[in-house]
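Chemist: Pasting target.cif here (mmCIF, C-alpha atoms (C1' of nucleotides)):
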```cif
data_my_file
loop_
_atom_site.label_atom_id
_atom_site.label_comp_id
_atom_site.auth_asym_id
_atom_site.auth_seq_id
_atom_site.Cartn_x
_atom_site.Cartn_y
_atom_site.Cartn_z
CA MET A 1204 19.52 36.49 8.32
CA HIS A 1205 21.39 33.17 8.24
CA ASN A 1206 19.38 30.06 8.95
CA SER A 1207 21.00 26.97 10.37
CA VAL A 1208 24.28 26.63 8.53
CA THR A 1209 24.12 22.86 8.36
CA THR A 1210 20.62 22.85 6.92
CA ALA A 1211 21.57 25.39 4.31
CA LYS A 1212 24.63 23.39 3.30
CA ARG A 1213 22.80 20.11 3.14
CA THR A 1214 19.97 21.45 1.03
CA THR A 1215 22.46 22.95 -1.37
CA ALA A 1216 24.22 19.61 -1.65
CA LEU A 1217 21.02 17.83 -2.62
CA GLU A 1218 20.06 20.57 -5.07
CA GLN A 1219 23.51 20.22 -6.51
CA LYS A 1220 23.01 16.52 -7.04
CA CYS A 1221 19.70 17.14 -8.81
CA LEU A 1222 21.12 19.74 -11.15
CA GLU A 1223 24.10 17.56 -12.02
CA ARG A 1224 21.75 14.91 -13.30
CA GLY A 1225 19.48 17.25 -15.18
CA VAL A 1226 16.73 17.10 -12.58
CA ARG A 1227 15.13 20.50 -12.14
CA MET A 1228 15.00 22.11 -8.74
CA THR A 1229 11.38 23.11 -8.44
CA HIS A 1230 9.50 24.82 -5.66
CA GLN A 1231 7.85 21.51 -4.68
CA ARG A 1232 11.08 19.55 -4.68
CA ARG A 1233 12.72 22.12 -2.46
CA ILE A 1234 9.84 21.75 -0.01
CA ILE A 1235 10.09 17.99 -0.06
CA ILE A 1236 13.83 18.16 0.53
CA SER A 1237 13.32 20.33 3.58
CA VAL A 1238 10.60 18.03 4.94
CA LEU A 1239 12.85 15.02 4.42
CA SER A 1240 15.85 16.60 6.03
CA GLU A 1241 13.82 17.49 9.10
CA ALA A 1242 12.30 14.01 9.47
CA SER A 1243 13.91 11.37 11.60
CA ASP A 1244 10.96 8.99 11.70
CA HIS A 1245 10.88 7.28 8.29
CA PRO A 1246 7.62 8.90 7.14
CA ASP A 1247 5.33 7.39 4.53
CA ALA A 1248 4.06 9.31 1.49
CA GLU A 1249 1.02 10.63 3.29
CA MET A 1250 3.06 11.93 6.20
CA LEU A 1251 5.39 13.69 3.78
CA PHE A 1252 2.33 15.10 2.04
CA GLU A 1253 0.89 16.46 5.29
CA ARG A 1254 4.17 18.05 6.28
CA ALA A 1255 4.73 19.52 2.84
CA LYS A 1256 1.23 21.02 2.83
CA ILE A 1257 2.11 23.01 5.93
CA ILE A 1258 4.72 24.79 3.84
CA ASP A 1259 2.64 24.97 0.66
CA PRO A 1260 -0.95 23.68 0.79
CA THR A 1261 -1.17 23.52 -3.01
CA ILE A 1262 1.31 20.69 -3.34
CA SER A 1263 -0.16 17.39 -4.57
CA ILE A 1264 0.30 13.81 -3.42
CA ALA A 1265 1.32 12.92 -6.97
CA SER A 1266 4.33 15.19 -6.59
CA ILE A 1267 5.29 13.41 -3.39
CA TYR A 1268 5.23 10.04 -5.10
CA ARG A 1269 6.92 11.29 -8.24
CA THR A 1270 9.61 13.09 -6.31
CA MET A 1271 10.30 10.13 -4.07
CA LYS A 1272 10.79 8.00 -7.12
CA VAL A 1273 13.17 10.50 -8.69
CA PHE A 1274 15.06 10.90 -5.43
CA GLU A 1275 15.33 7.15 -5.03
CA GLU A 1276 16.89 6.94 -8.47
CA LEU A 1277 19.27 9.76 -7.61
CA GLY A 1278 20.22 7.78 -4.53
CA ILE A 1279 19.29 10.59 -2.15
CA VAL A 1280 16.36 8.73 -0.62
CA ASP A 1281 15.90 5.17 0.57
CA ARG A 1282 12.55 3.45 0.55
CA HIS A 1283 11.55 0.72 3.02
CA ASP A 1284 8.34 -0.99 3.88
CA PHE A 1285 8.81 -2.37 7.37
CA GLY A 1286 6.05 -4.93 7.00
CA GLY A 1287 3.19 -2.45 6.60
CA SER A 1288 1.40 -1.84 3.31
CA LYS A 1289 2.88 1.58 2.65
CA GLY A 1290 6.36 2.57 1.68
CA ARG A 1291 8.43 4.61 4.11
CA TYR A 1292 11.19 6.97 3.20
CA GLU A 1293 14.39 8.34 4.64
CA GLU A 1294 17.12 10.58 3.38
CA ALA A 1295 19.98 8.38 2.26
CA THR A 1296 23.19 8.64 4.23
CA ASP A 1297 26.68 7.52 3.26
CA ASP A 1298 26.84 5.01 6.09
CA HIS A 1299 24.84 1.85 5.67
CA HIS A 1300 22.50 0.92 8.48
CA ASP A 1301 19.70 -1.49 9.31
CA HIS A 1302 16.54 -1.00 11.33
CA LEU A 1303 15.10 -2.20 14.57
CA ILE A 1304 11.36 -1.65 14.77
CA ASP A 1305 9.90 -1.22 18.23
CA VAL A 1306 6.67 -3.15 17.84
CA LYS A 1307 5.08 -1.48 20.88
CA SER A 1308 5.59 2.11 19.82
CA GLY A 1309 6.29 1.79 16.12
CA ASP A 1310 9.57 3.67 16.57
CA VAL A 1311 12.35 2.81 14.20
CA ILE A 1312 15.88 2.67 15.50
CA GLU A 1313 18.83 2.60 13.16
CA PHE A 1314 21.85 0.49 13.89
CA GLN A 1315 24.99 -0.63 12.22
CA SER A 1316 26.96 -3.82 12.62
CA ASP A 1317 30.04 -4.64 10.61
CA GLU A 1318 29.88 -8.11 12.05
CA ILE A 1319 26.46 -8.73 10.52
CA GLU A 1320 27.49 -7.23 7.22
CA ALA A 1321 30.51 -9.51 7.05
CA LEU A 1322 28.50 -12.54 8.02
CA GLN A 1323 25.94 -11.87 5.31
CA ARG A 1324 28.65 -11.61 2.69
CA LYS A 1325 30.10 -14.85 3.93
CA ILE A 1326 26.75 -16.66 3.77
CA ALA A 1327 26.08 -15.48 0.23
CA ASP A 1328 29.60 -16.51 -0.73
CA GLU A 1329 29.16 -19.98 0.69
CA LEU A 1330 25.96 -20.39 -1.32
CA GLY A 1331 27.85 -19.43 -4.45
CA TYR A 1332 26.57 -15.87 -4.69
CA ARG A 1333 27.91 -12.36 -4.61
CA LEU A 1334 25.90 -10.11 -2.30
CA ILE A 1335 24.33 -7.10 -4.03
CA ASP A 1336 22.03 -5.80 -1.38
CA HIS A 1337 20.21 -6.91 1.70
CA ARG A 1338 17.38 -6.11 4.00
CA LEU A 1339 17.56 -6.70 7.71
CA GLU A 1340 14.83 -5.67 10.09
CA LEU A 1341 14.63 -6.58 13.74
CA TYR A 1342 11.21 -6.51 15.36
CA ALA A 1343 11.54 -6.13 19.10
CA VAL A 1344 10.07 -4.88 22.36
CA PRO A 1345 11.84 -2.66 24.91
CA LYS A 1346 13.29 -4.72 27.76
CA THR A 1347 12.13 -2.24 30.37
CA THR A 1348 8.52 -2.32 29.16
CA GLU A 1349 8.46 -6.07 29.24
CA GLN A 1350 5.52 -7.60 31.05
CA PRO A 1351 4.70 -11.17 32.00
CA ASP A 1352 2.12 -12.45 29.50
CA MET B 928 -6.92 -46.20 2.76
CA HIS B 929 -3.29 -45.15 2.46
CA ASN B 930 -2.30 -42.91 -0.40
CA SER B 931 1.26 -41.65 -0.43
CA VAL B 932 2.12 -42.10 3.21
CA THR B 933 4.08 -38.88 3.67
CA THR B 934 1.60 -36.72 1.83
CA ALA B 935 -1.28 -38.25 3.66
CA LYS B 936 0.38 -37.70 7.01
CA ARG B 937 1.26 -34.12 6.34
CA THR B 938 -2.13 -33.21 5.00
CA THR B 939 -3.73 -34.85 7.96
CA ALA B 940 -1.50 -32.85 10.28
CA LEU B 941 -2.57 -29.56 8.74
CA GLU B 942 -6.22 -30.59 8.66
CA GLN B 943 -5.83 -31.53 12.28
CA LYS B 944 -4.53 -28.09 13.11
CA CYS B 945 -7.48 -26.46 11.34
CA LEU B 946 -10.07 -28.60 13.11
CA GLU B 947 -8.48 -28.00 16.50
CA ARG B 948 -9.02 -24.29 16.05
CA GLY B 949 -12.53 -24.55 14.72
CA VAL B 950 -11.51 -23.87 11.14
CA ARG B 951 -13.50 -26.04 8.75
CA MET B 952 -11.75 -28.30 6.31
CA THR B 953 -13.41 -27.47 3.02
CA HIS B 954 -12.86 -28.80 -0.44
CA GLN B 955 -11.06 -25.57 -1.45
CA ARG B 956 -8.83 -25.52 1.60
CA ARG B 957 -7.78 -29.09 0.97
CA ILE B 958 -6.82 -28.11 -2.57
CA ILE B 959 -4.84 -25.13 -1.37
CA ILE B 960 -3.04 -27.26 1.18
CA SER B 961 -2.01 -29.69 -1.50
CA VAL B 962 -0.82 -26.91 -3.80
CA LEU B 963 1.18 -25.38 -0.97
CA SER B 964 2.77 -28.63 0.07
CA GLU B 965 3.88 -29.28 -3.48
CA ALA B 966 5.36 -25.80 -3.99
CA SER B 967 8.97 -25.05 -3.24
CA ASP B 968 9.13 -21.69 -4.98
CA HIS B 969 7.36 -19.23 -2.68
CA PRO B 970 4.39 -18.62 -4.99
CA ASP B 971 2.26 -15.48 -4.92
CA ALA B 972 -1.55 -15.54 -4.68
CA GLU B 973 -2.01 -15.65 -8.42
CA MET B 974 0.36 -18.59 -8.82
CA LEU B 975 -1.50 -20.45 -6.10
CA PHE B 976 -4.74 -19.60 -7.87
CA GLU B 977 -3.49 -20.97 -11.20
CA ARG B 978 -2.27 -24.17 -9.61
CA ALA B 979 -5.45 -24.64 -7.61
CA LYS B 980 -7.56 -24.12 -10.73
CA ILE B 981 -5.86 -27.12 -12.32
CA ILE B 982 -7.37 -29.23 -9.57
CA ASP B 983 -10.70 -27.43 -9.44
CA PRO B 984 -11.34 -24.66 -11.98
CA THR B 985 -14.26 -23.29 -9.99
CA ILE B 986 -12.11 -22.08 -7.10
CA SER B 987 -11.95 -18.29 -6.71
CA ILE B 988 -9.07 -15.93 -6.05
CA ALA B 989 -10.95 -14.63 -3.01
CA SER B 990 -10.65 -18.08 -1.47
CA ILE B 991 -6.93 -18.06 -2.05
CA TYR B 992 -6.54 -14.74 -0.24
CA ARG B 993 -8.95 -15.64 2.53
CA THR B 994 -7.35 -19.02 3.07
CA MET B 995 -3.84 -17.60 3.12
CA LYS B 996 -4.92 -15.18 5.79
CA VAL B 997 -6.49 -17.93 7.86
CA PHE B 998 -3.45 -20.15 7.41
CA GLU B 999 -1.13 -17.34 8.37
CA GLU B 1000 -3.07 -16.90 11.59
CA LEU B 1001 -2.94 -20.63 12.22
CA GLY B 1002 0.80 -20.42 11.76
CA ILE B 1003 0.85 -22.95 8.94
CA VAL B 1004 1.85 -20.45 6.28
CA ASP B 1005 4.42 -17.65 6.18
CA ARG B 1006 4.01 -14.62 4.02
CA HIS B 1007 6.91 -12.61 2.58
CA ASP B 1008 7.19 -9.89 0.04
CA PHE B 1009 10.76 -10.01 -1.21
CA GLY B 1010 10.67 -6.45 -2.46
CA GLY B 1011 8.01 -6.94 -5.12
CA SER B 1012 4.48 -5.62 -4.88
CA LYS B 1013 2.82 -8.96 -4.24
CA GLY B 1014 2.93 -11.20 -1.21
CA ARG B 1015 4.56 -14.60 -1.52
CA TYR B 1016 3.72 -17.62 0.54
CA GLU B 1017 5.36 -20.74 1.87
CA GLU B 1018 4.28 -23.53 4.12
CA ALA B 1019 5.65 -22.81 7.57
CA THR B 1020 8.27 -25.17 8.87
CA ASP B 1021 9.46 -25.73 12.40
CA ASP B 1022 13.00 -24.64 11.57
CA HIS B 1023 13.55 -20.94 11.10
CA HIS B 1024 15.27 -19.85 7.92
CA ASP B 1025 16.03 -16.72 5.95
CA HIS B 1026 16.09 -16.09 2.21
CA LEU B 1027 18.60 -15.31 -0.45
CA ILE B 1028 17.00 -13.93 -3.59
CA ASP B 1029 18.83 -14.52 -6.84
CA VAL B 1030 18.22 -11.20 -8.56
CA LYS B 1031 19.07 -12.60 -12.00
CA SER B 1032 16.66 -15.53 -11.97
CA GLY B 1033 14.26 -14.60 -9.21
CA ASP B 1034 14.97 -17.90 -7.47
CA VAL B 1035 14.68 -17.93 -3.73
CA ILE B 1036 17.16 -19.95 -1.71
CA GLU B 1037 16.57 -20.71 1.92
CA PHE B 1038 19.39 -20.72 4.39
CA GLN B 1039 19.92 -20.92 8.07
CA SER B 1040 22.63 -19.41 10.23
CA ASP B 1041 22.74 -19.72 13.98
CA GLU B 1042 25.54 -17.21 13.98
CA ILE B 1043 23.32 -14.54 12.41
CA GLU B 1044 20.42 -15.40 14.70
CA ALA B 1045 22.66 -15.00 17.74
CA LEU B 1046 24.14 -11.78 16.48
CA GLN B 1047 20.70 -10.29 15.92
CA ARG B 1048 19.64 -11.15 19.43
CA LYS B 1049 22.81 -9.57 20.74
CA ILE B 1050 22.27 -6.36 18.76
CA ALA B 1051 18.69 -6.02 19.98
CA ASP B 1052 19.86 -6.67 23.49
CA GLU B 1053 22.53 -4.01 23.30
CA LEU B 1054 19.93 -1.51 22.13
CA GLY B 1055 17.78 -2.39 25.14
CA TYR B 1056 15.31 -4.59 23.29
CA ARG B 1057 14.14 -8.16 23.29
CA LEU B 1058 13.97 -9.63 19.80
CA ILE B 1059 10.50 -10.83 18.76
CA ASP B 1060 10.98 -11.45 15.09
CA HIS B 1061 13.17 -10.46 12.22
CA ARG B 1062 13.40 -10.34 8.49
CA LEU B 1063 16.60 -10.97 6.64
CA GLU B 1064 16.82 -11.10 2.89
CA LEU B 1065 20.00 -11.26 0.87
CA TYR B 1066 19.83 -10.05 -2.72
CA ALA B 1067 22.63 -11.56 -4.73
CA VAL B 1068 23.92 -12.74 -8.10
CA PRO B 1069 25.46 -16.14 -8.81
CA LYS B 1070 29.24 -16.00 -8.79
CA THR B 1071 29.50 -18.18 -11.88
CA THR B 1072 27.13 -16.04 -13.95
CA GLU B 1073 29.00 -12.92 -13.07
CA GLN B 1074 29.90 -10.73 -16.02
CA PRO B 1075 32.00 -7.59 -16.30
CA ASP B 1076 29.59 -4.63 -16.54
"C1'" DT C 712 12.16 28.42 -26.09
"C1'" DT C 713 11.21 23.98 -24.73
"C1'" DA C 714 11.89 19.86 -22.13
"C1'" DG C 715 10.75 18.80 -17.61
"C1'" DT C 716 7.27 19.29 -14.06
"C1'" DT C 717 2.89 20.24 -11.94
"C1'" DG C 718 -2.06 19.26 -10.15
"C1'" DC C 719 -5.96 16.84 -11.17
"C1'" DA C 720 -8.59 12.95 -11.77
"C1'" DA C 721 -8.91 8.67 -13.67
"C1'" DA C 722 -6.50 4.17 -13.90
"C1'" DC C 723 -3.99 0.64 -11.73
"C1'" DG C 724 -2.74 -3.82 -9.32
"C1'" DA C 725 -3.02 -6.30 -5.16
"C1'" DT C 726 -6.00 -7.39 -1.70
"C1'" DT C 727 -10.38 -7.15 0.95
"C1'" DT C 728 -15.22 -7.25 1.72
"C1'" DG C 729 -20.61 -7.37 1.50
"C1'" DC C 730 -23.71 -10.31 -0.06
"C1'" DT C 731 -26.46 -14.34 -0.84
"C1'" DA C 732 -26.18 -19.25 -1.61
"C1'" DC C 733 -24.00 -23.24 0.05
"C1'" DT C 734 -21.82 -26.96 3.23
"C1'" DA C 735 -19.09 -28.96 7.05
"C1'" DT C 736 -20.01 -29.95 11.47
"C1'" DA D 1159 -29.71 -26.75 12.19
"C1'" DT D 1160 -26.50 -23.32 11.87
"C1'" DA D 1161 -22.11 -21.07 12.02
"C1'" DG D 1162 -18.60 -20.89 8.83
"C1'" DT D 1163 -17.36 -20.52 4.01
"C1'" DA D 1164 -17.87 -20.19 -0.95
"C1'" DG D 1165 -18.01 -17.35 -5.34
"C1'" DC D 1166 -18.95 -13.07 -7.32
"C1'" DA D 1167 -18.50 -8.38 -8.05
"C1'" DA D 1168 -17.89 -4.09 -6.11
"C1'" DA D 1169 -14.92 -1.58 -2.93
"C1'" DT D 1170 -10.56 -0.29 -0.92
"C1'" DC D 1171 -5.82 1.05 -0.52
"C1'" DG D 1172 -1.42 2.58 -1.98
"C1'" DT D 1173 0.59 4.11 -5.99
"C1'" DT D 1174 0.96 5.44 -10.94
"C1'" DT D 1175 -0.23 7.83 -15.08
"C1'" DG D 1176 -2.40 10.73 -19.10
"C1'" DC D 1177 -3.24 15.19 -19.89
"C1'" DA D 1178 -3.21 20.14 -20.47
"C1'" DA D 1179 -1.31 24.10 -18.11
"C1'" DC D 1180 2.88 25.78 -16.23
"C1'" DT D 1181 8.01 26.90 -15.24
"C1'" DA D 1182 13.09 26.20 -14.67
"C1'" DA D 1183 16.84 26.21 -17.52
#
```
Do you think you could lay out the structure here as C-alpha cells?

Modeler:
Amino acid sequence: MHNSVTTAKRTTALEQKCLERGVRMTHQRRIIISVLSEASDHPDAEMLFERAKIIDPTISIASIYRTMKVFEELGIVDRHDFGGSKGRYEEATDDHHDHLIDVKSGDVIEFQSDEIEALQRKIADELGYRLIDHRLELYAVPKTTEQPD
Amino acid sequence: MHNSVTTAKRTTALEQKCLERGVRMTHQRRIIISVLSEASDHPDAEMLFERAKIIDPTISIASIYRTMKVFEELGIVDRHDFGGSKGRYEEATDDHHDHLIDVKSGDVIEFQSDEIEALQRKIADELGYRLIDHRLELYAVPKTTEQPD
DNA sequence: TTAGTTGCAAACGATTTGCTACTAT
DNA sequence: ATAGTAGCAAATCGTTTGCAACTAA
C-alpha cells in the first residue's frame, strides 16, 4: 500500500522540479532518482548504472551520463571527482557541505564548518575577489586505525 | 661554467634529486625542467609540450606525460585539475599553498593561510581522523570587474 | 502531434602503454 | 654493457554524441 512516506514525498519533489523546467519525467529518470535517493556513498556513473540495471536491465549508460548532466543543471545533483579519474555524484541538499575522504577505506564523510566558509570568503576578499564557489576536500586516516610506519 | 646562477642552482638541485633516486637525467627531462621552472601559470600537458617543442621540436607528448608522472613521484611536481578535464602542473615548492581560480580570466592565484590549515586539522581531528592531505580551491571573480547581472 | 528522450555504437579527448631503437650511466 | 628512456602509434578510460526508433506531454 503506502511505501515510505519520506521517499514518496522526496521523489515527487524532484519530479516536480523536472516538470517545472520542461524536463520530462521518463521511466529511466525515475529509476535514476530512486537510485540516487537511496545512495549515501557518492557513486560514480558505473555504480549508478549497476544499481539502475537491477531495477531495469535495459537502461543504458548513456542515459546515466545524460541524466546526471541534466540533473546537475537542474541543481538536483552535485558532481565531484575526489582525485580519482571518474566523476562521483550525490543528490544535492540545501545545506552546503564539504568532504573528508578516508584514504584507507575510501569512505566519504560529509562535514560542515561555518568557520571555514567565513575564512574562505575573507581570503578571497583580501585578494580582491568575490567568492563564487569552492572545493574543499580533506584526505585523512582514522585515528584509531593509525599504525606506526 | 656559470650561467644564470639561480637557474643553474635550481636545475642542479632537481637533477640531483633525480640522480639520487636512480632517475636518469636525459636531454628531454632537462628541457621539461627548464620549461617548468619558467612557468608560473600551472600549465597542462599540452602547454608544456608546446613550450618544450620550442626548445626541441622532436620531443614527444608521451615524454611530457611520462616525465610528469616521474616528477610527481619524486615530489618535484604537483598535479592539480582545477575542475577542467585536463591535469595542470606546477613545480613543487617547500611551502604549502592553495589556489584561487579567477573564473573570468582563468588565472590561478596562490595563497597561503595558516588559519585555514589549522582549522582543517581541527575538523579532521573532531571527526576522528588525522589529516594527510587536502585540496582547497576557491573559485572567484575580481571585485573590480564585477558587473550587475 | 511533436519535441524531448532513449539505446546503440561510434567518436571523443586526455592519458597510458607496447614496442623497438637509442642513450645515460 | 645494459637498464632506463625515447618516439611512435595503437590502446585505454571516462564521457559524449549522431542517429533512428520511441514516448511523455

Chemist: Just need the residues of chain B within 10 Å of chain D, counting all atoms listed in the file, so spit them out as a list of chain:residue names.

Modeler: B:Gly949, B:Val950, B:Arg951, B:Met952, B:Thr953, B:His954, B:Gln955, B:Thr985, B:Ile986, B:Ser987, B:Ile988, B:Ala989, B:Ser990, B:Arg993

Chemist: Determine, counting all atoms listed in the file, which protein, DNA and RNA residues have an atom within 10 Å of an atom of segment 1317-1331 of chain A; residues of the same chain fewer than 5 positions away are not included. Present the result as a ChimeraX atom specification.

Modeler: /A:1299-1301,1336-1337,1339 /B:1027-1028,1036-1040,1042-1044,1046-1047,1050,1063-1071

Chemist: Specify as a list in words all residues of chain C found within 12 Å of chain A, counting only C-alpha atoms (C1' of nucleotides).

Modeler: DA714, DG715, DT716, DT717, DG718, DC719, DA720, DA725 and DT726 of chain C

Chemist: Identify all residues satisfying the PyMOL selection byres ((chain A and resi 1285) around 12) in the given file; provide them as a PyMOL selection string.

Modeler: (chain A and resi 1245-1247+1282-1284+1286-1292+1301-1306+1309-1312+1338-1342) or (chain B and resi 1007-1010+1061-1063)

Chemist: Just to confirm, what's the straight-line distance from atom C1' of DA735 of chain C to atom CA of Glu1000 of chain B in Å (one decimal)?

Modeler: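 According to the coordinates, atom C1' of DA735 of chain C and atom CA of Glu1000 of chain B are separated by 20.6 Å.
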